[in-house]
>>> print(open('protein.cif').read())   # mmCIF, C-alpha atoms and all ligand atoms
data_target
loop_
_atom_site.label_atom_id
_atom_site.label_comp_id
_atom_site.auth_asym_id
_atom_site.auth_seq_id
_atom_site.Cartn_x
_atom_site.Cartn_y
_atom_site.Cartn_z
CA MET A 17 -12.45 54.70 -71.28
CA LEU A 18 -14.40 54.56 -68.02
CA PRO A 19 -18.05 55.72 -67.94
CA ARG A 20 -18.75 59.33 -66.90
CA VAL A 21 -22.23 58.53 -65.58
CA MET A 22 -23.32 56.74 -62.39
CA PRO A 23 -24.92 53.33 -62.85
CA GLU A 24 -27.42 51.77 -60.44
CA ILE A 25 -26.12 48.57 -58.91
CA ALA A 26 -28.09 45.93 -57.04
CA ALA A 27 -26.37 44.75 -53.85
CA GLU A 28 -26.97 41.76 -51.56
CA ASN A 29 -29.92 41.61 -49.16
CA GLY A 30 -32.04 44.09 -51.12
CA PHE A 31 -29.61 47.01 -50.84
CA ARG A 32 -29.02 49.19 -53.89
CA LEU A 33 -26.27 51.60 -54.98
CA ARG A 34 -27.30 54.79 -56.77
CA ARG A 35 -26.01 58.31 -57.35
CA TRP A 36 -26.44 61.08 -54.78
CA GLU A 37 -29.61 63.19 -55.06
CA LEU A 38 -30.47 66.62 -53.64
CA THR A 39 -33.18 64.83 -51.62
CA ASP A 40 -30.50 63.00 -49.55
CA ARG A 41 -30.26 65.86 -47.05
CA GLU A 42 -31.43 63.74 -44.08
CA LEU A 43 -28.50 61.36 -44.44
CA LEU A 44 -26.07 64.29 -44.58
CA ARG A 45 -27.74 65.90 -41.56
CA GLU A 46 -27.30 62.66 -39.57
CA VAL A 47 -23.65 62.06 -40.45
CA SER A 48 -22.63 65.73 -40.02
CA VAL A 49 -22.51 65.08 -36.25
CA ASP A 50 -20.59 61.80 -36.54
CA PRO A 51 -17.24 62.09 -34.70
CA TYR A 52 -15.25 60.55 -37.59
CA ILE A 53 -17.07 60.78 -40.96
CA PRO A 54 -16.60 64.56 -41.50
CA LEU A 55 -12.89 64.14 -40.74
CA ILE A 56 -12.28 61.68 -43.58
CA THR A 57 -14.77 63.03 -46.15
CA THR A 58 -16.07 66.39 -47.38
CA VAL A 59 -19.40 65.82 -45.58
CA PRO A 60 -20.28 69.30 -44.27
CA ALA A 61 -20.11 69.86 -40.50
CA PRO A 62 -21.93 71.79 -39.20
CA TYR A 63 -24.89 70.87 -41.40
CA SER A 64 -26.77 73.38 -43.55
CA ASP A 65 -29.12 72.83 -46.50
CA ALA A 66 -26.86 74.93 -48.72
CA GLU A 67 -23.74 72.94 -47.78
CA ALA A 68 -25.64 69.66 -48.22
CA ASP A 69 -26.68 70.65 -51.75
CA ALA A 70 -23.12 71.71 -52.53
CA PHE A 71 -21.88 68.32 -51.29
CA VAL A 72 -24.29 66.50 -53.63
CA ARG A 73 -23.26 68.64 -56.62
CA ARG A 74 -19.59 67.91 -55.83
CA GLN A 75 -20.35 64.18 -56.00
CA TRP A 76 -21.93 64.58 -59.46
CA MET A 77 -18.89 66.55 -60.60
CA ARG A 78 -16.48 63.84 -59.47
CA THR A 79 -18.05 61.43 -61.96
CA GLU A 80 -18.30 64.02 -64.74
CA ILE A 81 -14.58 64.84 -64.54
CA GLY A 82 -13.50 61.20 -64.19
CA THR A 83 -12.37 61.19 -60.53
CA GLY A 84 -14.73 58.47 -59.39
CA TYR A 85 -18.07 57.09 -58.39
CA PRO A 86 -19.67 58.10 -55.07
CA PHE A 87 -22.69 55.86 -54.42
CA VAL A 88 -25.46 56.23 -51.87
CA ILE A 89 -26.27 52.88 -50.27
CA GLU A 90 -30.05 52.60 -50.18
CA ALA A 91 -31.83 50.16 -47.86
CA PRO A 92 -34.65 47.88 -49.09
CA ASP A 93 -37.17 50.36 -47.62
CA GLY A 94 -35.74 53.15 -49.79
CA ARG A 95 -33.88 54.97 -47.00
CA ALA A 96 -30.42 56.35 -47.80
CA VAL A 97 -28.15 54.87 -45.12
CA GLY A 98 -24.57 55.21 -46.27
CA ASN A 99 -22.00 55.85 -48.94
CA VAL A 100 -19.49 53.75 -50.82
CA GLY A 101 -17.09 55.38 -53.26
CA LEU A 102 -14.78 54.09 -55.97
CA TRP A 103 -11.99 56.54 -56.84
CA VAL A 104 -10.25 56.21 -60.20
CA GLY A 105 -8.54 59.58 -60.65
CA GLU A 106 -5.05 58.18 -60.06
CA LEU A 107 -5.62 54.90 -61.87
CA PRO A 108 -3.55 55.87 -64.97
CA LEU A 109 -0.62 56.93 -62.77
CA ARG A 110 -0.71 54.32 -60.02
CA GLY A 111 -2.47 51.36 -61.61
CA PHE A 112 -5.17 50.92 -58.98
CA ALA A 113 -8.45 52.44 -57.83
CA THR A 114 -9.33 53.03 -54.18
CA ALA A 115 -12.58 52.43 -52.31
CA GLY A 116 -14.05 53.98 -49.18
CA TYR A 117 -17.29 53.68 -47.22
CA TRP A 118 -19.30 55.01 -44.30
CA VAL A 119 -22.69 54.23 -42.78
CA ALA A 120 -25.01 56.41 -40.66
CA ALA A 121 -24.76 55.43 -36.98
CA GLY A 122 -28.45 54.44 -36.83
CA ALA A 123 -28.01 51.87 -39.62
CA ARG A 124 -24.77 50.16 -38.49
CA GLY A 125 -24.32 46.51 -37.62
CA ARG A 126 -26.78 45.24 -40.24
CA GLY A 127 -24.51 44.52 -43.17
CA VAL A 128 -24.86 47.87 -44.95
CA ALA A 129 -21.14 48.54 -45.41
CA LEU A 130 -20.43 44.96 -46.44
CA ALA A 131 -23.25 44.95 -49.02
CA GLY A 132 -22.02 48.28 -50.43
CA LEU A 133 -18.37 47.27 -50.58
CA ASN A 134 -19.11 43.86 -52.11
CA ALA A 135 -21.26 45.43 -54.83
CA VAL A 136 -18.83 48.19 -55.76
CA THR A 137 -15.88 45.79 -55.74
CA ALA A 138 -17.63 43.32 -58.03
CA TRP A 139 -18.52 46.16 -60.42
CA ALA A 140 -14.96 47.56 -60.38
CA LEU A 141 -13.19 44.25 -61.00
CA GLY A 142 -15.93 42.83 -63.26
CA GLU A 143 -17.69 45.33 -65.50
CA LEU A 144 -15.00 48.03 -65.33
CA ALA A 145 -12.23 45.41 -65.50
CA LEU A 146 -9.96 47.43 -63.17
CA PRO A 147 -6.72 45.62 -62.29
CA ARG A 148 -6.79 46.30 -58.55
CA VAL A 149 -8.74 48.09 -55.81
CA GLU A 150 -7.07 49.30 -52.60
CA LEU A 151 -8.52 50.64 -49.38
CA PHE A 152 -6.95 52.20 -46.29
CA VAL A 153 -8.10 51.72 -42.69
CA GLU A 154 -6.84 53.05 -39.35
CA PRO A 155 -5.71 50.29 -36.96
CA TRP A 156 -8.28 51.18 -34.25
CA ASN A 157 -11.22 50.93 -36.68
CA ALA A 158 -12.40 47.38 -35.90
CA GLY A 159 -15.64 47.71 -37.89
CA SER A 160 -13.88 48.86 -41.03
CA LEU A 161 -11.06 46.30 -40.74
CA ARG A 162 -13.67 43.55 -40.45
CA THR A 163 -15.71 44.91 -43.36
CA ALA A 164 -12.64 44.96 -45.62
CA GLU A 165 -11.64 41.43 -44.63
CA LYS A 166 -15.18 40.06 -45.05
CA ALA A 167 -15.33 41.59 -48.54
CA GLY A 168 -12.26 39.52 -49.40
CA TYR A 169 -9.61 42.24 -49.31
CA ARG A 170 -6.12 41.15 -48.28
CA ARG A 171 -4.41 43.10 -45.49
CA GLU A 172 -0.99 44.07 -46.90
CA THR A 173 1.08 46.70 -45.06
CA LEU A 174 0.70 49.22 -42.29
CA VAL A 175 1.58 52.42 -44.17
CA PRO A 176 3.12 55.04 -41.82
CA ALA A 177 1.50 58.48 -41.87
CA TYR A 178 -0.60 57.52 -44.89
CA GLN A 179 -3.18 60.29 -44.48
CA GLU A 180 -3.77 63.37 -42.37
CA VAL A 181 -6.92 63.13 -40.25
CA ALA A 182 -7.92 66.04 -38.00
CA GLY A 183 -4.55 67.65 -38.72
CA GLU A 184 -2.49 64.60 -37.68
CA PRO A 185 -0.69 62.08 -39.88
CA ARG A 186 -2.29 58.67 -39.30
CA ASP A 187 -0.92 55.21 -40.02
CA MET A 188 -3.27 53.06 -42.10
CA TRP A 189 -3.49 49.42 -43.12
CA ARG A 190 -3.46 48.97 -46.86
CA PHE A 191 -5.91 46.35 -48.14
CA ALA A 192 -6.07 45.20 -51.75
CA LEU A 193 -7.99 43.01 -54.14
CA PRO A 194 -6.97 40.95 -56.01
C1 LIG B 201 -17.01 50.94 -40.32
C2 LIG B 201 -18.46 51.02 -40.78
C3 LIG B 201 -18.49 51.48 -42.24
C4 LIG B 201 -19.13 49.63 -40.67
O1 LIG B 201 -20.44 49.71 -41.22
P1 LIG B 201 -21.59 48.63 -40.87
O2 LIG B 201 -22.67 48.79 -41.89
O3 LIG B 201 -21.95 48.74 -39.45
O4 LIG B 201 -20.79 47.26 -41.12
P2 LIG B 201 -21.47 45.83 -41.42
O5 LIG B 201 -22.74 45.74 -40.65
O6 LIG B 201 -21.53 45.64 -42.90
O7 LIG B 201 -20.41 44.86 -40.77
C5 LIG B 201 -19.39 44.19 -41.48
C6 LIG B 201 -18.59 43.34 -40.50
O8 LIG B 201 -17.90 44.20 -39.58
C7 LIG B 201 -18.28 43.91 -38.24
N1 LIG B 201 -18.35 45.17 -37.49
C8 LIG B 201 -19.07 46.27 -37.82
N2 LIG B 201 -18.86 47.23 -36.90
C9 LIG B 201 -18.02 46.71 -35.98
C10 LIG B 201 -17.41 47.23 -34.79
N3 LIG B 201 -17.65 48.49 -34.38
N4 LIG B 201 -16.57 46.42 -34.10
C11 LIG B 201 -16.29 45.18 -34.54
N5 LIG B 201 -16.82 44.62 -35.66
C12 LIG B 201 -17.68 45.38 -36.36
C13 LIG B 201 -19.64 43.27 -38.37
O9 LIG B 201 -19.95 42.51 -37.22
C14 LIG B 201 -19.47 42.46 -39.63
O10 LIG B 201 -18.72 41.28 -39.38
P3 LIG B 201 -19.44 39.86 -39.08
O11 LIG B 201 -20.38 39.63 -40.23
O12 LIG B 201 -18.31 38.93 -38.99
O13 LIG B 201 -20.19 40.05 -37.80
C15 LIG B 201 -19.25 52.03 -39.89
O14 LIG B 201 -19.04 51.73 -38.54
C16 LIG B 201 -18.87 53.49 -40.13
O15 LIG B 201 -19.40 54.14 -41.03
N6 LIG B 201 -17.91 54.02 -39.34
C17 LIG B 201 -17.50 55.42 -39.47
C18 LIG B 201 -16.84 55.70 -40.82
C19 LIG B 201 -15.69 54.75 -41.10
O16 LIG B 201 -14.94 54.38 -40.21
N7 LIG B 201 -15.54 54.38 -42.38
C20 LIG B 201 -14.46 53.51 -42.81
C21 LIG B 201 -13.22 54.29 -43.00
S1 LIG B 201 -11.86 53.23 -43.51
#
>>> encode(input="protein.cif", output="structure tokens", more="lines below")
Ligand SMILES: CC(C)(COP(=O)(O)OP(=O)(O)OC[C@H]1O[C@@H](n2cnc3c(N)ncnc32)[C@H](O)[C@@H]1OP(=O)(O)O)[C@@H](O)C(=O)NCCC(=O)NCCS
Amino acid sequence: MLPRVMPEIAAENGFRLRRWELTDRELLREVSVDPYIPLITTVPAPYSDAEADAFVRRQWMRTEIGTGYPFVIEAPDGRAVGNVGLWVGELPLRGFATAGYWVAAGARGRGVALAGLNAVTAWALGELALPRVELFVEPWNAGSLRTAEKAGYRRETLVPAYQEVAGEPRDMWRFALP
């Protein structure tokens, strides 16, 4: 039985993973104007305080109902700079969890995504003892491909039309660990 509460997890270089809080509005405001993040998440765009609060409550619910674990990635100075999620809803059916991540544009290129993905992967395969974690990345997304590879994920197959993004089916590379 997997936990139905969010742990706090220490990550490399002083980063920390924690649950979403209603005080994380600034991060949601920043990423609401990102050209890609709202397309692949339920981050509200356009931004409003009410939609931001609803987003945070949805994240809490995902853990309560057993769908997964959406973590804020917090920098050493306490700023919320990104998100890394571990999704376990289909684990009983498919035998693997999936992971996903995004980082606010102003915090990119400093190891945030890698720290977040390393920490959540170690927790998933270690403490939760999950058999396998997969993640899916579009072929043009050099930063995400590199992050997955640096975290030790193996690039397996280019899955045709894996997911609809902005109303279009998109091919995605499947990565997996172990
Ligand atoms: C992809 C993304 C998460 C990377 O976050 P980040 O915090 O900047 O990544 P890191 O700093 O941890 O970098 C990890 C590795 O990727 C490389 N990298 C990051 N962005 C890159 C880019 N745009 N082009 C090429 N390499 C890049 C880094 O150089 C680093 O490799 P290195 O140590 O060999 O130099 C971020 O750009 C983002 O949020 N993009 C929009 C959302 C998204 O695409 N999410 C992933 C969906 S699958």
>>> atom_distance(input="protein.cif", atom1="atom N2 of ligand LIG 201 (chain B)", atom2="atom CA of Ser48 of chain A")
19.1 Å
>>> residues_near_ligand(input="protein.cif", ligand="ligand LIG 201 (chain B)", cutoff="7 Å", atoms="only C-alpha atoms and all ligand atoms", output="ChimeraX atom specification")
/A:52-53,116-121,123-131,152-154,157-160,162-163,166
>>> residues_around(input="protein.cif", residues="Arg73 of chain A", least_positions_apart="4", cutoff="10 Å", atoms="only C-alpha atoms", output="ChimeraX atom specification")
/A:36-38,67-69,77-78
>>> atom_distance(input="protein.cif", atom1="atom CA of Gly30 of chain A", atom2="atom CA of Ala91 of chain A")
6.9 Å
>>> residues_near_point(input="protein.cif", point="(-7.6, 68.6, -34.3)", cutoff="12 Å", atoms="all atoms listed in the file", output="number ranges by chain")
A: 51-52, 55, 180-185
>>> closest_residue(input="protein.cif", among="A:Arg171, A:Ala145, A:Arg95, A:Thr114", to="Thr39 of chain A", atoms="all atoms listed in the file")
A:Arg95
>>> atom_distance(input="protein.cif", atom1="atom CA of Gly84 of chain A", atom2="atom CA of Arg110 of chain A")
14.6 Å
>>> closest_residue(input="protein.cif", among="A:Val59, A:Val72, A:Leu109, A:Val88", to="Leu33 of chain A", atoms="only C-alpha atoms")
A:Val88
